[in-house]
Amino acid sequence: MNIKTALIADSTTTQWLQTEIKAIGSTESIRLECLFSSVQVNEALIANHVRCAISFTEPHSPEWLEERYTETRGHINALYQRTILGKCFRFSNNMIYRMVATLAEFGPIYRGLQEVVLDSHAMAAASRINFDLIPLRDIDAYAAHPAWIDSLSQSAGFIMNANEASNPETECFVNHAWDSLQLYEELKREELYESFIQMRKDESKMWKGDLYMVRDDKLVVAIEGIKVSTAID
């Protein structure tokens, strides 16, 4: 997924959200290329917002899933241990969204982070995600509600905007894209999930990280190649 232009509602005019889907391949191997745009009533283009691709592929091997789970659980436990030494800091749900309120306003349905443990030196965070915090009525309409996906990926932006070296007066980091999103089981409101992500600069000097989310002894979600930048071009 790649975000080109933010979708901002304009109360002075009528906007339609248009989705174009192109199927490429055969029934054995198909790829869907999607373009989300806003258009006027006469279908004149206002802006292209997001491009993404949906691929139907073979799942990862059990060995790969177990390895990612073990690494993720180890990283999460290590960050919580570092809070005891005062090298990491824990933020509650209210603290998380108050800290970034000057940069972005998160409505009630987008506040699924129960807590974040932040290591500013390593640019890493462990998070607990609780979908039961989100007041939704239309959950059954989705395999994975968009507000849930948004919440579990928010820790990447929190690292960039809340670390000790950040300066919200001069810069604001936003999620720009990701390389892949994979779900390995159904997400459930009543479950408590945990995640880990570490942000690093890539060759283009954009900040990038892989987020893995676990529940009990399983890897549940992998969002690889989350890209965070100071602006959306």
# chains A, B, ... in the order shown; residues from 1 in each chain; ligands from 1
call {"tool": "select_by_dssp", "arguments": {"residues": "segment 35-216 of chain A", "states": "strand (DSSP E or B)", "output": "VMD selection string"}}
result
chain A and resid 35 to 39 45 to 55 89 to 92 113 to 119 124 to 130 174 to 177 180 to 183 192 to 198 200 to 201 207 to 215
call {"tool": "residues_around", "arguments": {"residues": "Ala6 of chain A", "least_positions_apart": "2", "cutoff": "8 Å", "atoms": "only C-alpha atoms", "output": "PyMOL selection string"}}
result
chain A and resi 3-4+8+49+232
call {"tool": "write_last_selection", "arguments": {"atoms": "N, CA, C and O atoms", "output": "compact mmCIF listing (two decimals), in the first residue's frame"}}
result
# COMPACT_ATOMS: atom_id res chain seq x y z
N ILE A 3 0.41 5.52 0.13
CA ILE A 3 -0.47 6.68 0.26
C ILE A 3 0.12 7.84 -0.53
O ILE A 3 1.25 8.25 -0.28
N LYS A 4 -0.64 8.36 -1.45
CA LYS A 4 -0.18 9.47 -2.28
C LYS A 4 -0.66 10.80 -1.72
O LYS A 4 0.12 11.74 -1.55
N ILE A 8 -9.26 14.19 2.70
CA ILE A 8 -9.79 15.17 3.64
C ILE A 8 -11.19 15.57 3.18
O ILE A 8 -11.37 16.02 2.05
N HIS A 49 -5.67 8.91 -4.02
CA HIS A 49 -5.23 8.85 -2.62
C HIS A 49 -4.31 7.67 -2.32
O HIS A 49 -3.22 7.86 -1.77
N ILE A 232 3.44 13.50 3.28
CA ILE A 232 2.97 12.67 2.18
C ILE A 232 3.07 13.49 0.92
O ILE A 232 2.42 14.52 0.78
call {"tool": "closest_residue", "arguments": {"among": "A:Thr230, A:Leu133, A:Val117, A:Lys201", "to": "Glu171 of chain A", "atoms": "only C-alpha atoms"}}
result
A:Thr230
call {"tool": "atom_distance", "arguments": {"atom1": "atom CA of Asp140 of chain A", "atom2": "atom CA of Leu17 of chain A"}}
result
21.9 Å
call {"tool": "closest_residue", "arguments": {"among": "A:Glu115, A:Asp202, A:Asp150, A:Glu63", "to": "Phe91 of chain A", "atoms": "only C-alpha atoms"}}
result
A:Glu115
call {"tool": "select_by_dssp", "arguments": {"residues": "chain A", "states": "alpha helix (DSSP H)", "output": "PyMOL selection string"}}
result
chain A and resi 62-84+93-99+146-162
call {"tool": "atom_distance", "arguments": {"atom1": "atom CA of Tyr193 of chain A", "atom2": "atom CA of Trp148 of chain A"}}
result
11.3 Å
call {"tool": "residues_around", "arguments": {"residues": "Gln18 of chain A", "least_positions_apart": "3", "cutoff": "10 Å", "atoms": "only C-alpha atoms", "output": "ChimeraX atom specification"}}
result
/A:15,35-40,43,45,48-49
call {"tool": "write_last_selection", "arguments": {"atoms": "N, CA, C and O atoms", "output": "mmCIF file, in the first residue's frame"}}
result
data_model
loop_
_atom_site.group_PDB
_atom_site.id
_atom_site.type_symbol
_atom_site.label_atom_id
_atom_site.label_comp_id
_atom_site.auth_asym_id
_atom_site.auth_seq_id
_atom_site.Cartn_x
_atom_site.Cartn_y
_atom_site.Cartn_z
ATOM 1 N N GLN A 15 -18.327 15.011 -2.486
ATOM 2 C CA GLN A 15 -17.233 14.148 -2.910
ATOM 3 C C GLN A 15 -17.695 12.693 -2.897
ATOM 4 O O GLN A 15 -18.470 12.284 -2.035
ATOM 5 N N LEU A 35 -6.987 1.184 -6.771
ATOM 6 C CA LEU A 35 -6.745 2.619 -6.719
ATOM 7 C C LEU A 35 -7.938 3.292 -6.059
ATOM 8 O O LEU A 35 -9.083 3.115 -6.502
ATOM 9 N N PHE A 36 -7.695 4.037 -4.979
ATOM 10 C CA PHE A 36 -8.743 4.759 -4.272
ATOM 11 C C PHE A 36 -8.608 6.248 -4.570
ATOM 12 O O PHE A 36 -7.541 6.835 -4.348
ATOM 13 N N SER A 37 -9.679 6.857 -5.071
ATOM 14 C CA SER A 37 -9.656 8.259 -5.475
ATOM 15 C C SER A 37 -10.916 8.953 -4.975
ATOM 16 O O SER A 37 -11.920 8.307 -4.662
ATOM 17 N N SER A 38 -10.864 10.266 -4.915
ATOM 18 C CA SER A 38 -12.080 11.048 -4.674
ATOM 19 C C SER A 38 -12.420 11.776 -5.967
ATOM 20 O O SER A 38 -11.529 12.280 -6.670
ATOM 21 N N VAL A 39 -13.721 11.800 -6.277
ATOM 22 C CA VAL A 39 -14.182 12.406 -7.528
ATOM 23 C C VAL A 39 -15.392 13.283 -7.243
ATOM 24 O O VAL A 39 -16.055 13.152 -6.214
ATOM 25 N N GLN A 40 -15.662 14.176 -8.175
ATOM 26 C CA GLN A 40 -16.846 15.018 -8.081
ATOM 27 C C GLN A 40 -18.065 14.239 -8.581
ATOM 28 O O GLN A 40 -17.947 13.116 -9.079
ATOM 29 N N GLU A 43 -17.922 12.823 -11.904
ATOM 30 C CA GLU A 43 -16.822 11.866 -12.011
ATOM 31 C C GLU A 43 -15.485 12.506 -12.342
ATOM 32 O O GLU A 43 -14.501 11.802 -12.618
ATOM 33 N N LEU A 45 -11.973 13.891 -11.601
ATOM 34 C CA LEU A 45 -11.031 13.489 -10.554
ATOM 35 C C LEU A 45 -10.672 14.674 -9.654
ATOM 36 O O LEU A 45 -10.340 15.756 -10.138
ATOM 37 N N ASN A 48 -6.049 11.290 -6.509
ATOM 38 C CA ASN A 48 -5.763 9.882 -6.243
ATOM 39 C C ASN A 48 -5.154 9.790 -4.844
ATOM 40 O O ASN A 48 -4.219 10.529 -4.524
ATOM 41 N N HIS A 49 -5.665 8.906 -4.015
ATOM 42 C CA HIS A 49 -5.234 8.851 -2.622
ATOM 43 C C HIS A 49 -4.309 7.675 -2.318
ATOM 44 O O HIS A 49 -3.220 7.864 -1.775
#
call {"tool": "residues_around", "arguments": {"residues": "Lys227 of chain A", "least_positions_apart": "5", "cutoff": "10 Å", "atoms": "only C-alpha atoms", "output": "ChimeraX atom specification"}}
result
/A:1-2,156-157,173-179,199-202,206-210
call {"tool": "residues_around", "arguments": {"residues": "Phe158 of chain A", "least_positions_apart": "5", "cutoff": "8 Å", "atoms": "only C-alpha atoms", "output": "CSV table (one decimal) with all heavy atoms, in the first residue's frame"}}
result
chain,number,residue,atom,x,y,z
A,96,ILE,N,-1.0,8.2,25.5
A,96,ILE,CA,-0.6,8.1,24.1
A,96,ILE,C,-1.3,9.1,23.2
A,96,ILE,O,-0.6,9.8,22.4
A,96,ILE,CB,-1.0,6.7,23.6
A,96,ILE,CG1,-0.1,5.6,24.3
A,96,ILE,CG2,-0.8,6.6,22.1
A,96,ILE,CD1,-0.7,4.2,24.1
A,100,VAL,N,0.1,13.0,21.2
A,100,VAL,CA,0.1,13.4,19.8
A,100,VAL,C,-1.0,14.2,19.4
A,100,VAL,O,-1.2,14.5,18.2
A,100,VAL,CB,0.1,12.1,19.0
A,100,VAL,CG1,1.4,11.2,19.3
A,100,VAL,CG2,-1.1,11.2,19.2
A,163,ASN,N,9.5,10.1,20.6
A,163,ASN,CA,10.8,9.8,21.2
A,163,ASN,C,11.5,11.0,21.7
A,163,ASN,O,11.1,12.1,21.4
A,163,ASN,CB,11.7,9.1,20.1
A,163,ASN,CG,12.1,10.0,19.0
A,163,ASN,OD1,13.1,10.8,19.2
A,163,ASN,ND2,11.4,10.0,17.9
call {"tool": "residues_around", "arguments": {"residues": "Ala53 of chain A", "least_positions_apart": "4", "cutoff": "7 Å", "atoms": "only C-alpha atoms", "output": "list in words"}}
result
Met1, Arg31, Leu32, Glu33 and Cys34 of chain A
call {"tool": "write_last_selection", "arguments": {"atoms": "N, CA, C and O atoms", "output": "tab-separated table (two decimals), in the first residue's frame"}}
result
chain	number	residue	atom	x	y	z
A	1	MET	N	0.84	-1.19	0.00
A	1	MET	CA	0.00	0.00	0.00
A	1	MET	C	0.87	1.23	0.00
A	1	MET	O	1.87	1.31	0.73
A	31	ARG	N	-3.80	-11.40	-8.80
A	31	ARG	CA	-3.37	-10.20	-8.08
A	31	ARG	C	-4.36	-9.09	-8.40
A	31	ARG	O	-4.69	-8.86	-9.57
A	32	LEU	N	-4.83	-8.42	-7.36
A	32	LEU	CA	-5.78	-7.32	-7.53
A	32	LEU	C	-5.05	-6.01	-7.28
A	32	LEU	O	-4.49	-5.80	-6.20
A	33	GLU	N	-5.05	-5.12	-8.27
A	33	GLU	CA	-4.45	-3.80	-8.11
A	33	GLU	C	-5.57	-2.78	-7.90
A	33	GLU	O	-6.49	-2.69	-8.71
A	34	CYS	N	-5.49	-2.04	-6.79
A	34	CYS	CA	-6.57	-1.15	-6.38
A	34	CYS	C	-6.11	0.30	-6.35
A	34	CYS	O	-4.98	0.58	-5.95
call {"tool": "atom_distance", "arguments": {"atom1": "atom CA of Ala222 of chain A", "atom2": "atom CA of Tyr184 of chain A"}}
result
8.3 Å
call {"tool": "closest_residue", "arguments": {"among": "A:Thr170, A:Thr12, A:Ser155, A:Ser127", "to": "Thr72 of chain A", "atoms": "only C-alpha atoms"}}
result
A:Ser127
call {"tool": "closest_atom_pairs", "arguments": {"of": "segment 3-93 of chain A", "to": "segment 214-217 of chain A", "cutoff": "10 Å", "atoms": "only C-alpha atoms", "output": "CSV"}}
result
residue,atom,partner,partner_atom,distance
A:Glu66,CA,A:Asp217,CA,8.9
A:Arg68,CA,A:Val214,CA,9.5
A:Tyr69,CA,A:Val214,CA,6.8
A:Thr70,CA,A:Asp217,CA,8.6
A:Thr72,CA,A:Val214,CA,7.6
A:Arg73,CA,A:Val214,CA,7.6
A:Ile76,CA,A:Val214,CA,9.9
call {"tool": "write_last_selection", "arguments": {"atoms": "all heavy atoms", "output": "tab-separated table (two decimals), in the first residue's frame"}}
result
chain	number	residue	atom	x	y	z
A	66	GLU	N	6.83	-19.61	13.63
A	66	GLU	CA	7.36	-19.86	14.97
A	66	GLU	C	8.59	-18.99	15.23
A	66	GLU	O	8.75	-18.44	16.34
A	66	GLU	CB	7.73	-21.34	15.11
A	66	GLU	CG	8.34	-21.71	16.46
A	66	GLU	CD	7.38	-21.49	17.62
A	66	GLU	OE1	6.15	-21.55	17.40
A	66	GLU	OE2	7.87	-21.26	18.74
A	68	ARG	N	9.31	-16.02	13.84
A	68	ARG	CA	8.89	-14.63	14.03
A	68	ARG	C	8.23	-14.44	15.40
A	68	ARG	O	8.43	-13.43	16.05
A	68	ARG	CB	7.90	-14.22	12.93
A	68	ARG	CG	8.43	-14.16	11.53
A	68	ARG	CD	9.40	-13.01	11.27
A	68	ARG	NE	10.76	-13.35	11.63
A	68	ARG	CZ	11.54	-14.18	10.95
A	68	ARG	NH1	11.09	-14.76	9.86
A	68	ARG	NH2	12.77	-14.41	11.35
A	69	TYR	N	7.43	-15.43	15.81
A	69	TYR	CA	6.79	-15.34	17.12
A	69	TYR	C	7.84	-15.29	18.23
A	69	TYR	O	7.76	-14.43	19.13
A	69	TYR	CB	5.86	-16.52	17.37
A	69	TYR	CG	5.46	-16.60	18.84
A	69	TYR	CD1	4.48	-15.76	19.36
A	69	TYR	CD2	6.12	-17.47	19.71
A	69	TYR	CE1	4.16	-15.79	20.71
A	69	TYR	CE2	5.81	-17.50	21.06
A	69	TYR	CZ	4.82	-16.66	21.55
A	69	TYR	OH	4.52	-16.68	22.88
A	70	THR	N	8.81	-16.18	18.19
A	70	THR	CA	9.83	-16.25	19.23
A	70	THR	C	10.62	-14.96	19.31
A	70	THR	O	10.88	-14.43	20.40
A	70	THR	CB	10.78	-17.44	18.97
A	70	THR	OG1	10.02	-18.66	18.95
A	70	THR	CG2	11.84	-17.54	20.06
A	72	THR	N	9.63	-11.95	18.28
A	72	THR	CA	8.75	-10.87	18.73
A	72	THR	C	8.51	-10.93	20.23
A	72	THR	O	8.59	-9.92	20.94
A	72	THR	CB	7.41	-10.94	17.98
A	72	THR	OG1	7.64	-10.85	16.58
A	72	THR	CG2	6.48	-9.81	18.41
A	73	ARG	N	8.22	-12.11	20.75
A	73	ARG	CA	8.00	-12.28	22.18
A	73	ARG	C	9.25	-11.88	22.96
A	73	ARG	O	9.16	-11.22	24.02
A	73	ARG	CB	7.61	-13.73	22.49
A	73	ARG	CG	7.49	-14.06	23.98
A	73	ARG	CD	6.52	-13.18	24.70
A	73	ARG	NE	5.17	-13.33	24.18
A	73	ARG	CZ	4.19	-12.47	24.44
A	73	ARG	NH1	4.43	-11.39	25.17
A	73	ARG	NH2	2.98	-12.65	23.94
A	76	ILE	N	9.49	-8.02	23.00
A	76	ILE	CA	8.48	-7.42	23.88
A	76	ILE	C	8.90	-7.57	25.34
A	76	ILE	O	8.88	-6.61	26.12
A	76	ILE	CB	7.10	-8.08	23.65
A	76	ILE	CG1	6.56	-7.72	22.27
A	76	ILE	CG2	6.10	-7.66	24.73
A	76	ILE	CD1	5.33	-8.51	21.86
call {"tool": "residues_around", "arguments": {"residues": "Phe56 of chain A", "least_positions_apart": "2", "cutoff": "9 Å", "atoms": "only C-alpha atoms", "output": "ChimeraX atom specification"}}
result
/A:28-32,54,58
